[in-house]
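Here is protein.txt, consisting of compact mmCIF, C-alpha atoms:
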# COMPACT_ATOMS: atom_id res chain seq x y z
CA MET W 218 17.43 -5.66 -6.35
CA ASP W 219 19.46 -3.14 -4.39
CA ALA W 220 19.42 0.56 -3.50
CA ILE W 221 20.49 1.49 -7.02
CA ASN W 222 18.08 -0.77 -8.91
CA LEU W 223 14.71 -1.04 -7.19
CA SER W 224 11.99 -3.47 -8.17
CA ASN W 225 9.22 -2.01 -10.31
CA ARG W 226 6.97 -2.04 -7.25
CA LEU W 227 9.33 -0.06 -5.03
CA ALA W 228 10.32 2.26 -7.87
CA ARG W 229 6.68 3.23 -8.26
CA VAL W 230 6.37 3.79 -4.51
CA ALA W 231 9.46 6.00 -4.69
CA ASP W 232 7.82 8.10 -7.42
CA PHE W 233 5.20 9.26 -4.92
CA VAL W 234 7.64 10.40 -2.22
CA PRO W 235 7.77 14.22 -2.24
CA MET W 236 11.03 16.07 -2.78
CA GLY W 237 12.80 17.05 0.43
CA ALA W 238 10.81 14.66 2.62
CA ARG W 239 11.88 13.35 6.01
CA LEU W 240 10.83 9.73 5.74
CA VAL W 241 10.07 6.71 7.84
CA ASP W 242 9.93 3.41 5.97
CA ILE W 243 8.22 0.83 8.16
CA GLY W 244 9.23 -2.72 7.39
CA SER W 245 12.01 -1.41 5.22
CA ASP W 246 13.37 -4.63 3.65
CA HIS W 247 17.13 -3.96 3.57
CA ALA W 248 16.42 -0.19 3.55
CA TYR W 249 16.51 -0.26 -0.26
CA LEU W 250 13.80 2.38 -0.72
CA PRO W 251 15.12 5.09 1.65
CA ALA W 252 18.70 4.44 0.53
CA HIS W 253 17.66 4.87 -3.10
CA LEU W 254 15.85 8.12 -2.31
CA LEU W 255 18.83 9.53 -0.41
CA LEU W 256 21.34 8.51 -3.07
CA ASN W 257 19.19 10.32 -5.63
CA GLN W 258 18.93 13.39 -3.35
CA LYS W 259 15.15 13.22 -3.25
CA ILE W 260 14.84 13.16 0.55
CA THR W 261 16.93 14.65 3.33
CA PHE W 262 16.66 12.08 6.15
CA ALA W 263 15.14 8.65 6.70
CA ILE W 264 14.45 6.02 9.31
CA ALA W 265 14.37 2.35 8.32
CA GLY W 266 12.11 0.68 10.85
CA GLU W 267 12.24 -3.07 11.47
CA VAL W 268 10.55 -5.22 14.07
CA ALA W 269 13.18 -8.00 14.17
CA GLN W 270 16.94 -8.01 14.63
CA GLY W 271 17.75 -9.92 11.42
CA PRO W 272 16.06 -7.47 9.02
CA LEU W 273 17.51 -4.59 11.06
CA GLN W 274 21.01 -5.95 10.48
CA ASN W 275 20.26 -6.24 6.76
CA ALA W 276 19.28 -2.58 6.75
CA GLN W 277 22.45 -1.64 8.66
CA ASN W 278 24.58 -3.49 6.11
CA GLU W 279 22.92 -1.64 3.22
CA ILE W 280 23.37 1.72 4.95
CA GLU W 281 27.08 1.10 5.45
CA LYS W 282 27.47 -0.14 1.88
CA ALA W 283 25.80 3.02 0.53
CA GLU W 284 27.75 5.25 2.94
CA LEU W 285 24.57 6.77 4.33
CA THR W 286 25.35 6.57 8.04
CA GLY W 287 23.86 9.58 9.82
CA ARG W 288 21.33 10.27 7.08
CA LEU W 289 19.58 6.90 7.19
CA GLU W 290 19.05 5.41 10.63
CA PRO W 291 18.06 1.76 11.19
CA ARG W 292 15.84 1.41 14.24
CA LEU W 293 14.32 -1.58 15.97
CA GLY W 294 10.69 -1.17 16.94
CA ASP W 295 7.06 -1.95 16.19
CA GLY W 296 5.64 0.31 13.50
CA PHE W 297 5.70 4.03 14.27
CA ALA W 298 7.38 3.36 17.64
CA VAL W 299 10.70 3.96 15.81
CA VAL W 300 9.78 7.62 15.26
CA GLU W 301 10.62 10.35 17.79
CA PRO W 302 9.27 13.94 17.67
CA VAL W 303 12.81 15.27 17.21
CA ASP W 304 13.02 13.37 13.88
CA GLN W 305 10.44 15.74 12.33
CA ILE W 306 9.18 12.96 10.06
CA ASP W 307 6.60 14.21 7.56
CA THR W 308 6.26 11.21 5.23
CA ALA W 309 5.54 7.57 6.07
CA VAL W 310 5.84 4.59 3.76
CA ILE W 311 4.36 1.19 4.59
CA ALA W 312 4.76 -1.19 1.67
CA GLY W 313 4.62 -4.90 1.01
CA MET W 314 2.30 -5.96 3.85
CA GLY W 315 -1.28 -7.11 4.10
CA GLY W 316 -3.93 -4.43 4.44
CA GLN W 317 -5.01 -5.66 7.87
CA LEU W 318 -1.46 -5.30 9.19
CA ILE W 319 -1.05 -1.87 7.61
CA GLN W 320 -4.31 -0.78 9.26
CA LYS W 321 -3.03 -2.01 12.64
CA ILE W 322 0.30 -0.18 12.23
CA LEU W 323 -1.48 3.03 11.24
CA GLU W 324 -3.90 2.74 14.14
CA GLN W 325 -1.13 2.27 16.70
CA GLY W 326 0.89 5.12 15.23
CA HIS W 327 -1.82 7.76 15.23
CA HIS W 328 -2.50 8.24 18.92
CA ASP W 329 -2.85 11.74 20.40
CA HIS W 330 -4.07 13.19 17.09
CA ILE W 331 -0.77 12.56 15.33
CA GLN W 332 -0.91 12.94 11.55
CA TYR W 333 1.70 12.90 8.81
CA ASP W 334 1.83 15.18 5.79
CA ASN W 335 2.11 12.21 3.44
CA LEU W 336 1.18 8.54 3.70
CA ILE W 337 2.31 6.22 0.90
CA LEU W 338 0.82 2.78 1.40
CA GLN W 339 1.16 -0.38 -0.66
CA PRO W 340 -1.05 -3.12 0.76
CA ASN W 341 -0.73 -6.57 -0.81
CA THR W 342 -4.27 -7.52 0.25
CA ASP W 343 -7.42 -5.98 1.77
CA VAL W 344 -6.95 -2.61 0.08
CA SER W 345 -10.50 -1.54 0.95
CA THR W 346 -9.60 -1.95 4.64
CA VAL W 347 -6.83 0.63 4.22
CA ARG W 348 -9.11 3.05 2.33
CA THR W 349 -11.66 2.71 5.14
CA TRP W 350 -9.02 3.53 7.76
CA LEU W 351 -7.96 6.64 5.81
CA GLN W 352 -11.54 7.86 5.65
CA VAL W 353 -12.23 7.29 9.35
CA HIS W 354 -8.98 8.94 10.45
CA HIS W 355 -9.31 12.10 8.37
CA TYR W 356 -6.92 11.39 5.52
CA SER W 357 -7.81 12.29 1.96
CA LEU W 358 -6.75 9.96 -0.82
CA ILE W 359 -4.96 12.14 -3.38
CA ASN W 360 -3.68 9.48 -5.76
CA GLU W 361 -3.60 5.76 -6.34
CA THR W 362 -2.36 3.38 -8.98
CA MET W 363 -2.04 -0.31 -9.71
CA ILE W 364 1.05 -1.98 -11.10
CA PHE W 365 1.94 -5.51 -12.21
CA ASP W 366 5.33 -6.70 -11.00
CA ASP W 367 6.84 -10.19 -10.89
CA GLY W 368 3.51 -11.90 -11.50
CA HIS W 369 1.49 -9.94 -8.96
CA TYR W 370 -0.82 -6.93 -8.96
CA TYR W 371 -0.09 -4.21 -6.40
CA GLU W 372 -2.02 -1.10 -5.45
CA ILE W 373 -0.34 2.05 -4.14
CA LEU W 374 -2.34 4.62 -2.16
CA VAL W 375 -1.19 8.19 -1.49
CA ALA W 376 -2.93 10.24 1.20
CA LYS W 377 -2.72 13.58 2.98
CA PRO W 378 -4.68 14.95 5.95
CA GLY W 379 -8.18 15.85 4.83
CA GLU W 380 -11.71 14.55 4.55
CA THR W 381 -12.90 11.71 2.33
CA ASN W 382 -16.33 10.20 1.84
CA PHE W 383 -16.00 7.03 -0.22
CA THR W 384 -18.89 5.12 -1.73
CA GLN W 385 -18.81 1.36 -1.27
CA GLN W 386 -17.71 0.99 -4.89
CA GLN W 387 -14.86 3.45 -4.34
CA LEU W 388 -13.73 1.59 -1.21
CA THR W 389 -13.52 -1.63 -3.20
CA PHE W 390 -12.08 -0.44 -6.49
CA GLY W 391 -10.57 2.97 -5.70
CA PRO W 392 -11.91 6.36 -6.84
CA PHE W 393 -8.90 7.20 -9.03
CA ASN W 394 -8.84 3.69 -10.48
CA LEU W 395 -12.52 3.97 -11.36
CA GLN W 396 -11.88 7.28 -13.06
CA ASN W 397 -8.73 6.29 -14.94
CA LYS W 398 -9.48 2.62 -15.70
CA ASP W 399 -5.95 1.98 -16.91
CA ALA W 400 -4.97 -1.26 -18.59
CA VAL W 401 -3.29 -2.84 -15.55
CA TRP W 402 -6.30 -2.18 -13.33
CA ILE W 403 -8.69 -3.61 -15.92
CA ALA W 404 -6.49 -6.70 -16.35
CA LYS W 405 -6.48 -7.30 -12.60
CA TRP W 406 -10.24 -7.15 -12.29
CA GLN W 407 -10.77 -9.15 -15.47
CA ALA W 408 -8.62 -11.89 -13.94
CA GLU W 409 -10.73 -11.74 -10.78
CA LEU W 410 -13.90 -11.89 -12.86
CA ASP W 411 -12.57 -14.97 -14.68
CA ARG W 412 -11.78 -16.62 -11.35
CA ILE W 413 -15.28 -15.98 -10.03
CA GLN W 414 -16.83 -17.25 -13.25
CA GLN W 415 -14.95 -20.52 -12.84
CA LEU W 416 -16.36 -20.84 -9.32
CA LEU W 417 -19.86 -20.18 -10.66
CA ASP W 418 -19.41 -22.84 -13.33
CA THR W 419 -18.22 -25.33 -10.70
CA LEU W 420 -21.24 -24.62 -8.50
CA THR W 421 -23.58 -24.95 -11.47
CA LYS W 422 -22.14 -28.36 -12.36
CA ALA W 423 -22.62 -29.39 -8.72
CA ASP W 424 -26.27 -28.33 -8.92
CA GLN W 425 -25.63 -25.52 -6.43
CA SER W 426 -26.90 -22.60 -8.50
CA ASP W 427 -29.55 -21.87 -5.87
CA SER W 428 -27.03 -21.72 -3.02
CA ILE W 429 -26.10 -18.60 -1.08
CA ALA W 430 -22.49 -19.00 -2.24
CA TYR W 431 -23.59 -18.94 -5.87
CA GLN W 432 -25.69 -15.83 -5.31
CA ASN W 433 -22.80 -14.06 -3.57
CA TYR W 434 -20.34 -14.89 -6.36
CA GLN W 435 -22.88 -13.86 -8.97
CA LYS W 436 -23.32 -10.51 -7.25
CA GLN W 437 -19.52 -9.99 -7.14
CA ALA W 438 -19.24 -10.83 -10.82
CA GLN W 439 -22.00 -8.40 -11.73
CA THR W 440 -20.34 -5.59 -9.75
CA ILE W 441 -17.00 -6.15 -11.49
CA GLN W 442 -18.66 -6.25 -14.90
CA GLU W 443 -20.32 -2.92 -14.19
CA VAL W 444 -17.07 -1.13 -13.31
CA ILE W 445 -14.75 -2.50 -16.00
Rewrite the structure from the file as structure tokens, please.
Amino acid sequence: MDAINLSNRLARVADFVPMGARLVDIGSDHAYLPAHLLLNQKITFAIAGEVAQGPLQNAQNEIEKAELTGRLEPRLGDGFAVVEPVDQIDTAVIAGMGGQLIQKILEQGHHDHIQYDNLILQPNTDVSTVRTWLQVHHYSLINETMIFDDGHYYEILVAKPGETNFTQQQLTFGPFNLQNKDAVWIAKWQAELDRIQQLLDTLTKADQSDSIAYQNYQKQAQTIQEVI
């Protein structure tokens, strides 16, 4: 993978970045995403934020290789600390991290009523945690999708300032996913259902079908069956 040829995961994230955006990519991973967007003239300026010197140097190397100095700035800092008001950043990408960490980064970056025109988030885990944060902090989910890349399922959430009132089912599965029920999303939850069924079978064989764990897994299985 490089700035010319993104992974399927990052290419799908790139699809959601609006034309003409001024972007911060937090945890940028060699700055592949912002470099790709600039090379394809989709955005006008970007910051590649990294929290450690090694990844920052990787980003710097990619910027020099792509001849993007001045248009793509590598900056060392924790989360949104790399952004200054003068940058006029309107779009933030946080991709390839756990949902708990993404929530923490968002929380720390939204002090003093700061909001961004576009948030594009790709949590690897705990997606419902991210949807909950969006709801509490007055962001409206405007799109979401699930992709399968290199043996893993990934969800991408796109949000703008606004109001959202999710049901518990929507927090867990995603309102757009529930509406669209595309093949990748169904496959992901079918795999999860199969995993839970194996756990139920194991508990049954161990004569634990009356246990709290069994009841909890049975409830999860029933919920998944209802939505897929």
Practice item. Within 12 Å of Val344 of chain W, counting all atoms listed in the file, which residues show up once you throw out same-chain ones fewer than 6 positions away? Write them as a ChimeraX atom specification, please. Key: /W:312-320,338,350-351,361-363,370-374,387-391
Write the residues of the preceding selection, restricted to C-alpha atoms, as a PDB file, keeping the file's coordinate frame.
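Done, and the output landed in result.pdb:
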ATOM      1  CA  ALA W 312       4.760  -1.190   1.670  1.00  0.00           C
ATOM      2  CA  GLY W 313       4.620  -4.900   1.010  1.00  0.00           C
ATOM      3  CA  MET W 314       2.300  -5.960   3.850  1.00  0.00           C
ATOM      4  CA  GLY W 315      -1.280  -7.110   4.100  1.00  0.00           C
ATOM      5  CA  GLY W 316      -3.930  -4.430   4.440  1.00  0.00           C
ATOM      6  CA  GLN W 317      -5.010  -5.660   7.870  1.00  0.00           C
ATOM      7  CA  LEU W 318      -1.460  -5.300   9.190  1.00  0.00           C
ATOM      8  CA  ILE W 319      -1.050  -1.870   7.610  1.00  0.00           C
ATOM      9  CA  GLN W 320      -4.310  -0.780   9.260  1.00  0.00           C
ATOM     10  CA  LEU W 338       0.820   2.780   1.400  1.00  0.00           C
ATOM     11  CA  TRP W 350      -9.020   3.530   7.760  1.00  0.00           C
ATOM     12  CA  LEU W 351      -7.960   6.640   5.810  1.00  0.00           C
ATOM     13  CA  GLU W 361      -3.600   5.760  -6.340  1.00  0.00           C
ATOM     14  CA  THR W 362      -2.360   3.380  -8.980  1.00  0.00           C
ATOM     15  CA  MET W 363      -2.040  -0.310  -9.710  1.00  0.00           C
ATOM     16  CA  TYR W 370      -0.820  -6.930  -8.960  1.00  0.00           C
ATOM     17  CA  TYR W 371      -0.090  -4.210  -6.400  1.00  0.00           C
ATOM     18  CA  GLU W 372      -2.020  -1.100  -5.450  1.00  0.00           C
ATOM     19  CA  ILE W 373      -0.340   2.050  -4.140  1.00  0.00           C
ATOM     20  CA  LEU W 374      -2.340   4.620  -2.160  1.00  0.00           C
ATOM     21  CA  GLN W 387     -14.860   3.450  -4.340  1.00  0.00           C
ATOM     22  CA  LEU W 388     -13.730   1.590  -1.210  1.00  0.00           C
ATOM     23  CA  THR W 389     -13.520  -1.630  -3.200  1.00  0.00           C
ATOM     24  CA  PHE W 390     -12.080  -0.440  -6.490  1.00  0.00           C
ATOM     25  CA  GLY W 391     -10.570   2.970  -5.700  1.00  0.00           C
TER      26      GLY W 391
END
Practice item. Select, counting all atoms listed in the file, all protein, DNA and RNA residues no farther than 12 Å from (5.1, 14.9, -5.2) in file coordinates, and express the selection as a list in words. Key: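 Residues lying no farther than 12 Å from the given point: Val230, Ala231, Asp232, Phe233, Val234, Pro235, Met236, Gly237, Ala238, Lys259, Ile260, Thr308, Asp334, Asn335, Leu336, Ile337, Ile359, Asn360, Val375, Ala376 and Lys377 of chain W.
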Give me, as a PDB file with C-alpha atoms, keeping the file's coordinate frame, all polymer residues having an atom no more than 12 Å from Thr261 of chain W, counting all atoms listed in the file and skipping those fewer than 5 positions away in the same chain.
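Below is the file that was written, part-v9.pdb:
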ATOM      1  CA  VAL W 234       7.640  10.400  -2.220  1.00  0.00           C
ATOM      2  CA  PRO W 235       7.770  14.220  -2.240  1.00  0.00           C
ATOM      3  CA  MET W 236      11.030  16.070  -2.780  1.00  0.00           C
ATOM      4  CA  GLY W 237      12.800  17.050   0.430  1.00  0.00           C
ATOM      5  CA  ALA W 238      10.810  14.660   2.620  1.00  0.00           C
ATOM      6  CA  ARG W 239      11.880  13.350   6.010  1.00  0.00           C
ATOM      7  CA  LEU W 240      10.830   9.730   5.740  1.00  0.00           C
ATOM      8  CA  VAL W 241      10.070   6.710   7.840  1.00  0.00           C
ATOM      9  CA  PRO W 251      15.120   5.090   1.650  1.00  0.00           C
ATOM     10  CA  ALA W 252      18.700   4.440   0.530  1.00  0.00           C
ATOM     11  CA  HIS W 253      17.660   4.870  -3.100  1.00  0.00           C
ATOM     12  CA  LEU W 254      15.850   8.120  -2.310  1.00  0.00           C
ATOM     13  CA  LEU W 255      18.830   9.530  -0.410  1.00  0.00           C
ATOM     14  CA  LEU W 256      21.340   8.510  -3.070  1.00  0.00           C
ATOM     15  CA  LEU W 285      24.570   6.770   4.330  1.00  0.00           C
ATOM     16  CA  GLY W 287      23.860   9.580   9.820  1.00  0.00           C
ATOM     17  CA  ARG W 288      21.330  10.270   7.080  1.00  0.00           C
ATOM     18  CA  LEU W 289      19.580   6.900   7.190  1.00  0.00           C
ATOM     19  CA  GLU W 290      19.050   5.410  10.630  1.00  0.00           C
ATOM     20  CA  ASP W 304      13.020  13.370  13.880  1.00  0.00           C
ATOM     21  CA  GLN W 305      10.440  15.740  12.330  1.00  0.00           C
ATOM     22  CA  ILE W 306       9.180  12.960  10.060  1.00  0.00           C
ATOM     23  CA  ASP W 307       6.600  14.210   7.560  1.00  0.00           C
ATOM     24  CA  THR W 308       6.260  11.210   5.230  1.00  0.00           C
TER      25      THR W 308
END
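Here the question is which of W:Ile311, W:Leu410, W:Leu420, W:Val444 gets nearest to Ile243 of chain W using all atoms listed in the file, and that residue is W:Ile311.
Nearest to Trp402 of chain W of all the residues W:Ile445, W:Ile429, W:Leu416, W:Val310 is W:Ile445, counting all atoms listed in the file.
Among the candidates W:Asn382, W:Thr421, W:Ser245, W:Gln407, the residue lying nearest to Glu279 of chain W is W:Ser245 (atoms considered: all atoms listed in the file).
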**Study point:** Interatomic distance (Å, one decimal) between atom CA of Gln325 of chain W and atom CA of Arg348 of chain W
**Key:**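 It comes out at 16.5 Å.
Relative to atom CA of Val347 of chain W, atom CA of Lys405 of chain W is found at 18.6 Å.
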Exercise for review: Mind checking which residues fall within 10 Å of His354 of chain W, counting only C-alpha atoms, ignoring those fewer than 3 positions away in the same chain, and posting them as a PyMOL selection string?
Suggested key: chain W and resi 323-324+327+330+332+349-351+357+378-381
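Note that the spacing between atom CA of Thr346 of chain W and atom CA of Asn394 of chain W amounts to 16.2 Å.
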Point to revise | Counting only C-alpha atoms, the option among W:Tyr249, W:Trp406, W:Phe262, W:Tyr356 closest to Ile331 of chain W | key: W:Tyr356
